[in-house]
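Novice: data-v1.cif is reproduced in full below (mmCIF, C-alpha atoms).
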```cif
data_final
loop_
_atom_site.group_PDB
_atom_site.id
_atom_site.type_symbol
_atom_site.label_atom_id
_atom_site.label_comp_id
_atom_site.auth_asym_id
_atom_site.auth_seq_id
_atom_site.Cartn_x
_atom_site.Cartn_y
_atom_site.Cartn_z
ATOM 1 C CA MET O 1 205.167 238.779 136.135
ATOM 2 C CA ARG O 2 207.439 240.151 133.458
ATOM 3 C CA VAL O 3 204.991 241.279 130.789
ATOM 4 C CA PHE O 4 205.866 241.910 127.147
ATOM 5 C CA LEU O 5 203.574 244.699 125.922
ATOM 6 C CA THR O 6 203.139 245.583 122.261
ATOM 7 C CA GLY O 7 201.640 248.984 121.508
ATOM 8 C CA ALA O 8 203.363 250.126 124.692
ATOM 9 C CA THR O 9 203.688 253.763 123.619
ATOM 10 C CA GLY O 10 200.201 253.984 122.115
ATOM 11 C CA PHE O 11 196.952 255.353 123.506
ATOM 12 C CA ILE O 12 195.911 252.198 125.348
ATOM 13 C CA GLY O 13 199.360 250.737 125.932
ATOM 14 C CA SER O 14 200.595 253.849 127.720
ATOM 15 C CA ALA O 15 197.660 253.445 130.135
ATOM 16 C CA ILE O 16 198.356 249.737 130.638
ATOM 17 C CA ILE O 17 201.942 250.326 131.788
ATOM 18 C CA PRO O 18 201.176 252.179 135.050
ATOM 19 C CA ASP O 19 198.358 249.744 135.828
ATOM 20 C CA LEU O 20 200.745 246.803 135.489
ATOM 21 C CA VAL O 21 203.549 248.512 137.407
ATOM 22 C CA ASN O 22 201.242 249.538 140.251
ATOM 23 C CA ALA O 23 200.106 245.914 140.526
ATOM 24 C CA GLY O 24 203.704 244.751 140.959
ATOM 25 C CA HIS O 25 204.463 243.559 137.433
ATOM 26 C CA GLN O 26 207.499 244.384 135.302
ATOM 27 C CA VAL O 27 206.894 245.691 131.789
ATOM 28 C CA LEU O 28 208.967 245.051 128.680
ATOM 29 C CA GLY O 29 207.611 247.529 126.147
ATOM 30 C CA LEU O 30 207.927 247.278 122.378
ATOM 31 C CA THR O 31 209.032 250.400 120.513
ATOM 32 C CA ARG O 32 210.733 251.239 117.249
ATOM 33 C CA SER O 33 211.920 254.770 118.065
ATOM 34 C CA ASP O 34 214.287 256.613 120.389
ATOM 35 C CA LEU O 35 211.396 258.843 121.474
ATOM 36 C CA GLY O 36 209.334 255.785 122.353
ATOM 37 C CA ALA O 37 212.243 254.324 124.297
ATOM 38 C CA GLN O 38 212.511 257.529 126.326
ATOM 39 C CA ALA O 39 208.768 257.441 127.093
ATOM 40 C CA LEU O 40 208.944 253.814 128.198
ATOM 41 C CA ALA O 41 211.908 254.416 130.456
ATOM 42 C CA ALA O 42 210.164 257.416 132.012
ATOM 43 C CA ALA O 43 207.110 255.220 132.689
ATOM 44 C CA GLY O 44 209.210 252.614 134.466
ATOM 45 C CA ALA O 45 209.246 250.037 131.656
ATOM 46 C CA GLU O 46 212.142 248.161 130.086
ATOM 47 C CA VAL O 47 212.671 248.829 126.372
ATOM 48 C CA HIS O 48 212.471 246.166 123.659
ATOM 49 C CA ARG O 49 213.286 247.384 120.150
ATOM 50 C CA GLY O 50 211.168 246.185 117.253
ATOM 51 C CA ASP O 51 207.813 246.579 115.536
ATOM 52 C CA LEU O 52 204.901 244.590 114.144
ATOM 53 C CA GLU O 53 206.649 243.951 110.842
ATOM 54 C CA ASP O 54 209.718 242.525 112.593
ATOM 55 C CA LEU O 55 208.289 239.170 113.619
ATOM 56 C CA GLU O 56 211.574 238.000 115.126
ATOM 57 C CA SER O 57 211.514 240.960 117.504
ATOM 58 C CA LEU O 58 208.036 239.876 118.609
ATOM 59 C CA ARG O 59 209.163 236.297 119.186
ATOM 60 C CA GLU O 60 212.198 237.486 121.153
ATOM 61 C CA GLY O 61 210.106 239.762 123.378
ATOM 62 C CA ALA O 62 207.591 237.020 124.091
ATOM 63 C CA ALA O 63 210.324 234.468 124.810
ATOM 64 C CA LYS O 64 211.842 236.752 127.473
ATOM 65 C CA SER O 65 208.544 237.262 129.307
ATOM 66 C CA ASP O 66 206.150 235.512 131.668
ATOM 67 C CA GLY O 67 203.166 236.741 129.667
ATOM 68 C CA VAL O 68 202.243 238.944 126.716
ATOM 69 C CA ILE O 69 199.661 241.654 126.105
ATOM 70 C CA HIS O 70 199.305 242.419 122.416
ATOM 71 C CA CYS O 71 197.449 245.683 121.875
ATOM 72 C CA ALA O 72 199.492 247.175 119.025
ATOM 73 C CA PHE O 73 197.586 247.753 115.795
ATOM 74 C CA ASP O 74 198.067 250.005 112.772
ATOM 75 C CA HIS O 75 194.874 252.068 112.543
ATOM 76 C CA ASN O 76 195.537 253.449 109.054
ATOM 77 C CA PHE O 77 192.142 252.617 107.577
ATOM 78 C CA ALA O 78 193.365 253.218 104.044
ATOM 79 C CA ASN O 79 195.237 249.900 104.489
ATOM 80 C CA TRP O 80 192.667 248.207 106.726
ATOM 81 C CA VAL O 81 192.789 244.721 105.195
ATOM 82 C CA ALA O 82 196.589 244.674 105.044
ATOM 83 C CA ASN O 83 196.836 245.880 108.639
ATOM 84 C CA CYS O 84 194.509 243.131 109.818
ATOM 85 C CA GLU O 85 196.662 240.557 108.040
ATOM 86 C CA GLU O 86 199.717 242.099 109.714
ATOM 87 C CA ASP O 87 198.030 241.654 113.085
ATOM 88 C CA LYS O 88 197.315 238.010 112.280
ATOM 89 C CA ARG O 89 201.002 237.425 111.596
ATOM 90 C CA ALA O 90 201.913 239.210 114.838
ATOM 91 C CA VAL O 91 199.570 236.967 116.860
ATOM 92 C CA GLU O 92 201.078 233.887 115.219
ATOM 93 C CA ALA O 93 204.633 235.067 115.941
ATOM 94 C CA LEU O 94 203.892 235.848 119.588
ATOM 95 C CA GLY O 95 202.071 232.561 120.042
ATOM 96 C CA SER O 96 204.906 230.543 118.497
ATOM 97 C CA ALA O 97 207.222 231.727 121.290
ATOM 98 C CA LEU O 98 204.743 230.642 123.984
ATOM 99 C CA THR O 99 203.564 227.272 122.679
ATOM 100 C CA GLY O 100 203.353 224.647 125.407
ATOM 101 C CA SER O 101 204.511 226.987 128.180
ATOM 102 C CA ASN O 102 201.101 227.997 129.612
ATOM 103 C CA ARG O 103 202.369 231.597 129.694
ATOM 104 C CA PRO O 104 199.384 233.826 128.885
ATOM 105 C CA LEU O 105 198.939 235.717 125.622
ATOM 106 C CA VAL O 106 196.216 238.380 125.631
ATOM 107 C CA ILE O 107 195.318 239.566 122.134
ATOM 108 C CA THR O 108 192.970 242.286 120.919
ATOM 109 C CA SER O 109 189.806 242.261 118.829
ATOM 110 C CA GLY O 110 186.606 244.283 118.509
ATOM 111 C CA THR O 111 183.256 243.876 120.263
ATOM 112 C CA GLY O 112 181.586 243.499 116.870
ATOM 113 C CA MET O 113 182.950 239.964 116.674
ATOM 114 C CA GLY O 114 180.365 238.998 119.291
ATOM 115 C CA ASN O 115 177.238 240.310 117.540
ATOM 116 C CA ALA O 116 174.894 237.342 117.121
ATOM 117 C CA ALA O 117 171.871 239.178 115.685
ATOM 118 C CA PRO O 118 170.940 242.748 114.688
ATOM 119 C CA GLY O 119 169.867 244.876 117.648
ATOM 120 C CA ARG O 120 171.146 242.446 120.257
ATOM 121 C CA PRO O 121 174.212 243.381 122.311
ATOM 122 C CA ALA O 122 177.403 241.563 121.440
ATOM 123 C CA THR O 123 178.403 239.041 124.107
ATOM 124 C CA GLU O 124 181.594 237.252 125.042
ATOM 125 C CA ASP O 125 180.239 233.761 124.342
ATOM 126 C CA VAL O 126 179.654 234.554 120.653
ATOM 127 C CA PHE O 127 182.309 234.626 117.937
ATOM 128 C CA ASN O 128 180.858 235.608 114.597
ATOM 129 C CA SER O 129 183.623 234.325 112.336
ATOM 130 C CA THR O 130 181.594 235.098 109.197
ATOM 131 C CA ARG O 131 181.666 238.877 109.701
ATOM 132 C CA ALA O 132 182.860 240.822 106.675
ATOM 133 C CA ASN O 133 185.121 242.897 108.936
ATOM 134 C CA PRO O 134 188.730 241.821 108.159
ATOM 135 C CA ARG O 135 189.534 242.232 111.879
ATOM 136 C CA VAL O 136 188.093 238.740 112.351
ATOM 137 C CA VAL O 137 191.462 237.249 111.348
ATOM 138 C CA SER O 138 192.975 238.261 114.704
ATOM 139 C CA GLU O 139 190.580 236.031 116.633
ATOM 140 C CA LEU O 140 190.911 233.260 114.072
ATOM 141 C CA ALA O 141 194.674 233.371 114.542
ATOM 142 C CA GLY O 142 194.183 233.288 118.308
ATOM 143 C CA ALA O 143 191.882 230.276 118.019
ATOM 144 C CA ALA O 144 194.498 228.455 115.948
ATOM 145 C CA MET O 145 197.157 229.254 118.545
ATOM 146 C CA LEU O 146 194.833 227.943 121.267
ATOM 147 C CA GLU O 147 194.590 224.621 119.439
ATOM 148 C CA ASP O 148 198.385 224.535 119.269
ATOM 149 C CA GLY O 149 198.614 224.758 123.058
ATOM 150 C CA VAL O 150 199.018 228.499 123.576
ATOM 151 C CA ASN O 151 197.202 230.063 126.553
ATOM 152 C CA VAL O 152 195.353 232.707 124.508
ATOM 153 C CA SER O 153 192.568 235.013 125.653
ATOM 154 C CA VAL O 154 190.958 237.972 123.885
ATOM 155 C CA VAL O 155 190.065 241.498 124.943
ATOM 156 C CA ARG O 156 187.451 242.996 122.628
ATOM 157 C CA LEU O 157 187.428 246.765 122.371
ATOM 158 C CA PRO O 158 184.581 249.261 121.826
ATOM 159 C CA GLN O 159 185.191 253.010 121.341
ATOM 160 C CA VAL O 160 187.969 253.594 123.863
ATOM 161 C CA HIS O 161 188.105 257.176 125.055
ATOM 162 C CA ASP O 162 189.367 259.981 127.207
ATOM 163 C CA THR O 163 189.189 263.732 126.537
ATOM 164 C CA VAL O 164 191.759 263.505 123.716
ATOM 165 C CA LYS O 165 190.935 260.324 121.752
ATOM 166 C CA GLN O 166 187.704 258.376 121.292
ATOM 167 C CA GLY O 167 188.127 255.632 118.703
ATOM 168 C CA PHE O 168 185.977 256.213 115.601
ATOM 169 C CA VAL O 169 184.583 259.339 117.237
ATOM 170 C CA THR O 170 187.969 261.035 116.845
ATOM 171 C CA TYR O 171 187.596 260.699 113.077
ATOM 172 C CA ALA O 172 183.991 261.914 113.233
ATOM 173 C CA VAL O 173 185.216 265.052 115.015
ATOM 174 C CA ALA O 174 187.862 265.637 112.341
ATOM 175 C CA ILE O 175 185.282 265.246 109.566
ATOM 176 C CA ALA O 176 182.864 267.629 111.294
ATOM 177 C CA ARG O 177 185.662 270.167 111.740
ATOM 178 C CA GLU O 178 186.642 269.932 108.091
ATOM 179 C CA LYS O 179 183.113 270.012 106.620
ATOM 180 C CA ARG O 180 181.632 272.371 109.220
ATOM 181 C CA VAL O 181 178.711 270.061 109.947
ATOM 182 C CA SER O 182 178.304 267.216 112.449
ATOM 183 C CA ALA O 183 176.333 264.355 110.933
ATOM 184 C CA TYR O 184 174.707 261.046 111.746
ATOM 185 C CA VAL O 185 172.987 258.480 109.507
ATOM 186 C CA GLY O 186 169.205 258.073 109.331
ATOM 187 C CA ASP O 187 167.587 258.835 112.686
ATOM 188 C CA GLY O 188 170.919 258.392 114.475
ATOM 189 C CA LYS O 189 169.511 255.868 116.939
ATOM 190 C CA ASN O 190 172.146 253.273 116.072
ATOM 191 C CA ARG O 191 174.509 252.702 118.999
ATOM 192 C CA TRP O 192 178.221 252.385 119.644
ATOM 193 C CA PRO O 193 179.599 250.835 122.839
ATOM 194 C CA ALA O 194 182.355 252.635 124.716
ATOM 195 C CA ALA O 195 184.768 252.444 127.651
ATOM 196 C CA HIS O 196 187.190 254.818 129.326
ATOM 197 C CA VAL O 197 190.848 254.038 128.632
ATOM 198 C CA SER O 198 191.628 253.590 132.351
ATOM 199 C CA ASP O 199 188.993 250.865 132.645
ATOM 200 C CA VAL O 200 190.293 249.165 129.503
ATOM 201 C CA ALA O 201 193.864 249.189 130.831
ATOM 202 C CA ARG O 202 192.727 247.530 134.049
ATOM 203 C CA LEU O 203 190.835 244.875 132.111
ATOM 204 C CA TYR O 204 193.914 243.893 130.109
ATOM 205 C CA ARG O 205 195.798 243.348 133.366
ATOM 206 C CA LEU O 206 192.997 241.298 134.913
ATOM 207 C CA ALA O 207 192.742 239.164 131.773
ATOM 208 C CA LEU O 208 196.477 238.518 131.889
ATOM 209 C CA GLU O 209 196.396 237.593 135.579
ATOM 210 C CA LYS O 210 193.369 235.321 135.118
ATOM 211 C CA GLN O 211 195.273 233.203 132.577
ATOM 212 C CA GLU O 212 192.139 231.492 131.274
ATOM 213 C CA PRO O 213 192.733 229.837 127.893
ATOM 214 C CA GLY O 214 190.103 230.688 125.290
ATOM 215 C CA ALA O 215 188.389 233.383 127.355
ATOM 216 C CA ARG O 216 186.885 236.430 125.650
ATOM 217 C CA TYR O 217 186.344 239.692 127.488
ATOM 218 C CA ASN O 218 184.306 242.695 126.389
ATOM 219 C CA ALA O 219 185.884 245.952 127.540
ATOM 220 C CA VAL O 220 182.539 247.735 127.642
ATOM 221 C CA GLY O 221 181.673 250.483 130.086
ATOM 222 C CA GLU O 222 178.585 251.707 128.209
ATOM 223 C CA GLU O 223 176.510 249.228 126.220
ATOM 224 C CA GLY O 224 175.551 251.670 123.507
ATOM 225 C CA ILE O 225 175.492 255.430 122.989
ATOM 226 C CA ALA O 226 173.238 256.712 120.209
ATOM 227 C CA VAL O 227 175.355 258.120 117.391
ATOM 228 C CA ARG O 228 172.995 261.088 117.162
ATOM 229 C CA ASP O 229 173.883 261.989 120.765
ATOM 230 C CA VAL O 230 177.554 261.822 119.815
ATOM 231 C CA ALA O 231 176.975 264.033 116.763
ATOM 232 C CA GLU O 232 175.090 266.588 118.854
ATOM 233 C CA VAL O 233 177.833 266.978 121.444
ATOM 234 C CA ILE O 234 180.397 267.316 118.650
ATOM 235 C CA GLY O 235 178.195 269.949 117.045
ATOM 236 C CA ARG O 236 178.087 271.927 120.274
ATOM 237 C CA GLY O 237 181.817 271.607 120.766
ATOM 238 C CA LEU O 238 182.627 272.843 117.273
ATOM 239 C CA ASN O 239 179.656 275.220 117.068
ATOM 240 C CA VAL O 240 178.482 273.667 113.796
ATOM 241 C CA PRO O 241 175.056 272.424 112.644
ATOM 242 C CA VAL O 242 173.970 268.838 113.331
ATOM 243 C CA VAL O 243 172.242 266.993 110.485
ATOM 244 C CA GLY O 244 170.908 263.562 109.637
ATOM 245 C CA LEU O 245 172.052 262.031 106.353
ATOM 246 C CA SER O 246 170.657 259.259 104.200
ATOM 247 C CA PRO O 247 172.904 256.206 103.703
ATOM 248 C CA GLU O 248 173.597 257.461 100.185
ATOM 249 C CA GLU O 249 174.670 260.872 101.456
ATOM 250 C CA ALA O 250 176.743 259.342 104.239
ATOM 251 C CA ALA O 251 179.262 257.825 101.831
ATOM 252 C CA GLY O 252 180.205 261.227 100.466
ATOM 253 C CA HIS O 253 180.322 262.855 103.879
ATOM 254 C CA PHE O 254 182.095 260.223 105.996
ATOM 255 C CA GLY O 255 184.337 258.536 103.421
ATOM 256 C CA TRP O 256 185.848 255.319 104.820
ATOM 257 C CA LEU O 257 183.949 255.836 108.092
ATOM 258 C CA ALA O 258 180.545 255.655 106.336
ATOM 259 C CA PRO O 259 179.962 251.873 106.760
ATOM 260 C CA PHE O 260 180.572 252.181 110.510
ATOM 261 C CA ALA O 261 178.653 255.440 110.977
ATOM 262 C CA GLY O 262 175.304 253.739 110.389
ATOM 263 C CA MET O 263 175.969 250.482 112.234
ATOM 264 C CA ASP O 264 174.108 249.493 115.386
ATOM 265 C CA LEU O 265 176.758 247.748 117.496
ATOM 266 C CA PRO O 266 175.697 247.556 121.167
ATOM 267 C CA ALA O 267 177.770 245.280 123.364
ATOM 268 C CA SER O 268 177.497 243.850 126.867
ATOM 269 C CA SER O 269 180.243 243.239 129.421
ATOM 270 C CA ALA O 270 178.079 241.299 131.889
ATOM 271 C CA GLN O 271 180.028 238.058 131.506
ATOM 272 C CA THR O 272 183.357 239.878 131.757
ATOM 273 C CA GLU O 273 182.331 241.673 134.925
ATOM 274 C CA ALA O 274 181.160 238.434 136.520
ATOM 275 C CA ARG O 275 184.289 236.449 135.597
ATOM 276 C CA LEU O 276 186.923 239.049 136.444
ATOM 277 C CA GLY O 277 185.263 241.251 139.039
ATOM 278 C CA TRP O 278 185.904 244.138 136.658
ATOM 279 C CA HIS O 279 183.585 247.109 137.071
ATOM 280 C CA PRO O 280 184.049 250.224 134.917
ATOM 281 C CA THR O 281 184.371 253.437 136.925
ATOM 282 C CA GLY O 282 185.711 255.950 134.391
ATOM 283 C CA PRO O 283 183.780 258.828 132.804
ATOM 284 C CA GLY O 284 181.329 258.101 129.991
ATOM 285 C CA LEU O 285 181.925 258.918 126.334
ATOM 286 C CA ILE O 286 179.562 261.905 126.248
ATOM 287 C CA ALA O 287 181.147 263.334 129.410
ATOM 288 C CA ASP O 288 184.612 263.107 127.867
ATOM 289 C CA LEU O 289 183.394 264.702 124.632
ATOM 290 C CA GLU O 290 181.847 267.535 126.599
ATOM 291 C CA ARG O 291 185.158 268.201 128.341
ATOM 292 C CA MET O 292 187.280 267.922 125.216
ATOM 293 C CA ASN O 293 189.180 270.917 123.851
ATOM 294 C CA TYR O 294 187.786 271.580 120.354
ATOM 295 C CA ASP O 295 190.079 274.527 119.562
#
```
Would you mind writing the structure in this file as structure tokens?
Specialist:
Amino acid sequence: MRVFLTGATGFIGSAIIPDLVNAGHQVLGLTRSDLGAQALAAAGAEVHRGDLEDLESLREGAAKSDGVIHCAFDHNFANWVANCEEDKRAVEALGSALTGSNRPLVITSGTGMGNAAPGRPATEDVFNSTRANPRVVSELAGAAMLEDGVNVSVVRLPQVHDTVKQGFVTYAVAIAREKRVSAYVGDGKNRWPAAHVSDVARLYRLALEKQEPGARYNAVGEEGIAVRDVAEVIGRGLNVPVVGLSPEEAAGHFGWLAPFAGMDLPASSAQTEARLGWHPTGPGLIADLERMNYD
């Protein structure tokens, strides 16, 4: 297949490219910069100029392809709501170029969209459209595209990691470095799910190849790691104290990350593994944090 990939030069996208190429697919990667174009060419991908704000560039890339993987997202949390709305428009633009063709469109969401009840792992068969998280609009846009005849499926992400980046944990490390203390909220037993970036890249490819309209896949390698365990390994890496904070104290310490720092968000990938034959093999989150360079 010729696959149009948004976010092609990003953390996850740059891992998806070699997985697709090694499986015999051609990649058309979206980039806005000369540096990005050079990186794509070096990785064996064709270059498509544009960005998430240029909806026509998205439609053109999708129209030239046999399938689309949309993993680009602006993670500037100062503009979280606006960025989620931007992603909604991107999904709609990509879908409009694929309507009625049965060419697959794989979009991206978060595992939290599948949390049915507190303490229970999120699952693929649940879509909690009432969540306050603005990220819900991506799946709502995908559902609307599905009704319009677009072959849409969803990959839901946890904390995606290697020894350089780890989702929200990357920001927790930066805060601990700045404030010289590694913190968690309450007893720190709340959990975050995680997956190694290599496993996530493989899942995107398998979802694309499966071409199952309406499917949801949880890219989860570890159902839930206690946030206190994360804080402790960060503390060791930075050689700073590890402390528990009350919810009131957390707001001042974590800033925008505070609402997430205390959330219990376990997630299961059992249905995904059964449907795609996908089995995570990469290192765990704690192992990557232990090997990270904290200098």
Novice: In Å, with one decimal, what is the gap from CA of Lys64 in chain O to CA of Gly7 in chain O?
Specialist: 17.0 Å
Novice: Identify the residues around (181.1, 276.5, 108.9) within a radius of 9 Å, measuring from all atoms listed in the file in the coordinates stated by the file, and give them as an NGL selection string.
Specialist: :O and (177-181 or 239-241)
Novice: Nearest to Lys88 in chain O among O:Glu60, O:Asp295, O:Glu53, O:Asp288, with distances taken over only C-alpha atoms: which residue is it?
Specialist: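 Under the stated criterion, the closest residue is O:Glu53.
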Novice: Between O:Gly10, O:Gly142, O:Gly110, O:Gly167, which one has atoms that come closest to Leu257 in chain O, using all atoms listed in the file?
Specialist: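 Among the listed residues, O:Gly167 lies closest to Leu257 in chain O.
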Novice: What's the separation between CA of His279 in chain O and CA of Ser153 in chain O, in Å to one decimal place?
Specialist: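 Interatomic distance, CA of His279 in chain O to CA of Ser153 in chain O: 18.9 Å.
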Novice: When the PyMOL selection byres ((chain O and resi 106) around 7) is applied to the structure above, which residues does it catch, written out as a list of chain:residue names?
Specialist: O:Val68, O:Ile69, O:His70, O:Pro104, O:Leu105, O:Ile107, O:Thr108, O:Val152, O:Ser153, O:Val154, O:Val155, O:Leu208
Novice: Any chance you can output those residues with C-alpha atoms as a short mmCIF file (atom, residue, chain, number, x, y, z; two decimals), in the coordinates of the input?
Specialist:
```
data_model
loop_
_atom_site.label_atom_id
_atom_site.label_comp_id
_atom_site.auth_asym_id
_atom_site.auth_seq_id
_atom_site.Cartn_x
_atom_site.Cartn_y
_atom_site.Cartn_z
CA VAL O 68 202.24 238.94 126.72
CA ILE O 69 199.66 241.65 126.10
CA HIS O 70 199.30 242.42 122.42
CA PRO O 104 199.38 233.83 128.88
CA LEU O 105 198.94 235.72 125.62
CA ILE O 107 195.32 239.57 122.13
CA THR O 108 192.97 242.29 120.92
CA VAL O 152 195.35 232.71 124.51
CA SER O 153 192.57 235.01 125.65
CA VAL O 154 190.96 237.97 123.88
CA VAL O 155 190.06 241.50 124.94
CA LEU O 208 196.48 238.52 131.89
#
```
Novice: What lies within 10 Å of Val21 in chain O using all atoms listed in the file, ignoring chain neighbours under 4 positions off, as number ranges by chain?
Specialist: O: 1, 3, 16-17, 25-27, 43-45
Novice: Which one is closest to Glu147 in chain O: O:Ala78, O:Leu5, O:Arg216, O:Gly100? Count all atoms listed in the file.
Specialist: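 Using all atoms listed in the file, Glu147 in chain O sits closest to O:Gly100.
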Novice: Please compute the CA of Ser129 in chain O-CA of Cys84 in chain O distance, one decimal, in Å.
Specialist: 14.2 Å
Novice: Give me the residues within 10 Å of range 247-256 of chain O as a PyMOL selection string, counting only C-alpha atoms and dropping any in the same chain fewer than 3 places off.
Specialist: chain O and resi 77-78+171-172+175-176+179+181-186+244+259-262
Novice: Quick one: residues within 10 Å of range 191-194 of chain O, only C-alpha atoms counted, chain neighbours fewer than 2 positions away excluded, as a PyMOL selection string?
Specialist: chain O and resi 111-112+119+121-122+157-161+166-169+188-189+196-197+200+219-230+260-268+284-286
Novice: For those residues, write C-alpha atoms to a file as a compact mmCIF listing (two decimals), in the frame of the given file.
Specialist:
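Result file is selection_31.txt:
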```txt
# COMPACT_ATOMS: atom_id res chain seq x y z
CA THR O 111 183.26 243.88 120.26
CA GLY O 112 181.59 243.50 116.87
CA GLY O 119 169.87 244.88 117.65
CA PRO O 121 174.21 243.38 122.31
CA ALA O 122 177.40 241.56 121.44
CA LEU O 157 187.43 246.76 122.37
CA PRO O 158 184.58 249.26 121.83
CA GLN O 159 185.19 253.01 121.34
CA VAL O 160 187.97 253.59 123.86
CA HIS O 161 188.10 257.18 125.06
CA GLN O 166 187.70 258.38 121.29
CA GLY O 167 188.13 255.63 118.70
CA PHE O 168 185.98 256.21 115.60
CA VAL O 169 184.58 259.34 117.24
CA GLY O 188 170.92 258.39 114.48
CA LYS O 189 169.51 255.87 116.94
CA HIS O 196 187.19 254.82 129.33
CA VAL O 197 190.85 254.04 128.63
CA VAL O 200 190.29 249.16 129.50
CA ALA O 219 185.88 245.95 127.54
CA VAL O 220 182.54 247.74 127.64
CA GLY O 221 181.67 250.48 130.09
CA GLU O 222 178.58 251.71 128.21
CA GLU O 223 176.51 249.23 126.22
CA GLY O 224 175.55 251.67 123.51
CA ILE O 225 175.49 255.43 122.99
CA ALA O 226 173.24 256.71 120.21
CA VAL O 227 175.36 258.12 117.39
CA ARG O 228 173.00 261.09 117.16
CA ASP O 229 173.88 261.99 120.76
CA VAL O 230 177.55 261.82 119.82
CA PHE O 260 180.57 252.18 110.51
CA ALA O 261 178.65 255.44 110.98
CA GLY O 262 175.30 253.74 110.39
CA MET O 263 175.97 250.48 112.23
CA ASP O 264 174.11 249.49 115.39
CA LEU O 265 176.76 247.75 117.50
CA PRO O 266 175.70 247.56 121.17
CA ALA O 267 177.77 245.28 123.36
CA SER O 268 177.50 243.85 126.87
CA GLY O 284 181.33 258.10 129.99
CA LEU O 285 181.92 258.92 126.33
CA ILE O 286 179.56 261.90 126.25
```
Novice: Find the spatial neighbours of Ala62 in chain O, counting all atoms listed in the file, within a cut-off of 9 Å - ignore same-chain residues fewer than 4 positions away - and output them as a list in words.
Specialist: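 Near neighbours after the sequence-gap exclusion: Val3, Phe4, Leu5, Ser57, Leu58, Asp66, Gly67, Val68, Ala93, Leu94, Gly95, Ser96, Ala97, Leu98 and Leu105 of chain O.
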Novice: Find the residues with any atom within 12 Å of (192.0, 239.7, 139.1); use all atoms listed in the file and the coordinates as given in the file, and write the answer as a short mmCIF file (atom, residue, chain, number, x, y, z; two decimals) with C-alpha atoms, keeping the file's coordinate frame.
Specialist:
```
data_model
loop_
_atom_site.label_atom_id
_atom_site.label_comp_id
_atom_site.auth_asym_id
_atom_site.auth_seq_id
_atom_site.Cartn_x
_atom_site.Cartn_y
_atom_site.Cartn_z
CA LEU O 20 200.74 246.80 135.49
CA ALA O 23 200.11 245.91 140.53
CA ARG O 202 192.73 247.53 134.05
CA LEU O 203 190.84 244.88 132.11
CA TYR O 204 193.91 243.89 130.11
CA ARG O 205 195.80 243.35 133.37
CA LEU O 206 193.00 241.30 134.91
CA ALA O 207 192.74 239.16 131.77
CA LEU O 208 196.48 238.52 131.89
CA GLU O 209 196.40 237.59 135.58
CA LYS O 210 193.37 235.32 135.12
CA GLN O 211 195.27 233.20 132.58
CA GLU O 212 192.14 231.49 131.27
CA THR O 272 183.36 239.88 131.76
CA GLU O 273 182.33 241.67 134.93
CA ALA O 274 181.16 238.43 136.52
CA ARG O 275 184.29 236.45 135.60
CA LEU O 276 186.92 239.05 136.44
CA GLY O 277 185.26 241.25 139.04
CA TRP O 278 185.90 244.14 136.66
CA HIS O 279 183.58 247.11 137.07
#
```
Novice: What's the 9 Å shell around Glu290 in chain O, counting all atoms listed in the file, without same-chain residues fewer than 6 positions away, as a PyMOL selection string?
Specialist: chain O and resi 163+233-234+236-237
Novice: Save the residues we just selected, C-alpha atoms, as a PDB file, keeping the file's coordinate frame?
Specialist:
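Generated file (again10.pdb):
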```
ATOM      1  CA  THR O 163     189.189 263.732 126.537  1.00  0.00           C
ATOM      2  CA  VAL O 233     177.833 266.978 121.444  1.00  0.00           C
ATOM      3  CA  ILE O 234     180.397 267.316 118.650  1.00  0.00           C
ATOM      4  CA  ARG O 236     178.087 271.927 120.274  1.00  0.00           C
ATOM      5  CA  GLY O 237     181.817 271.607 120.766  1.00  0.00           C
TER       6      GLY O 237
END
```
Novice: Can you list what the PyMOL selection byres ((chain O and resi 86) around 12) grabs from this structure, as a VMD selection string?
Specialist: chain O and resid 51 to 55 72 to 75 79 to 85 87 to 93 134 to 135 137 to 138 141
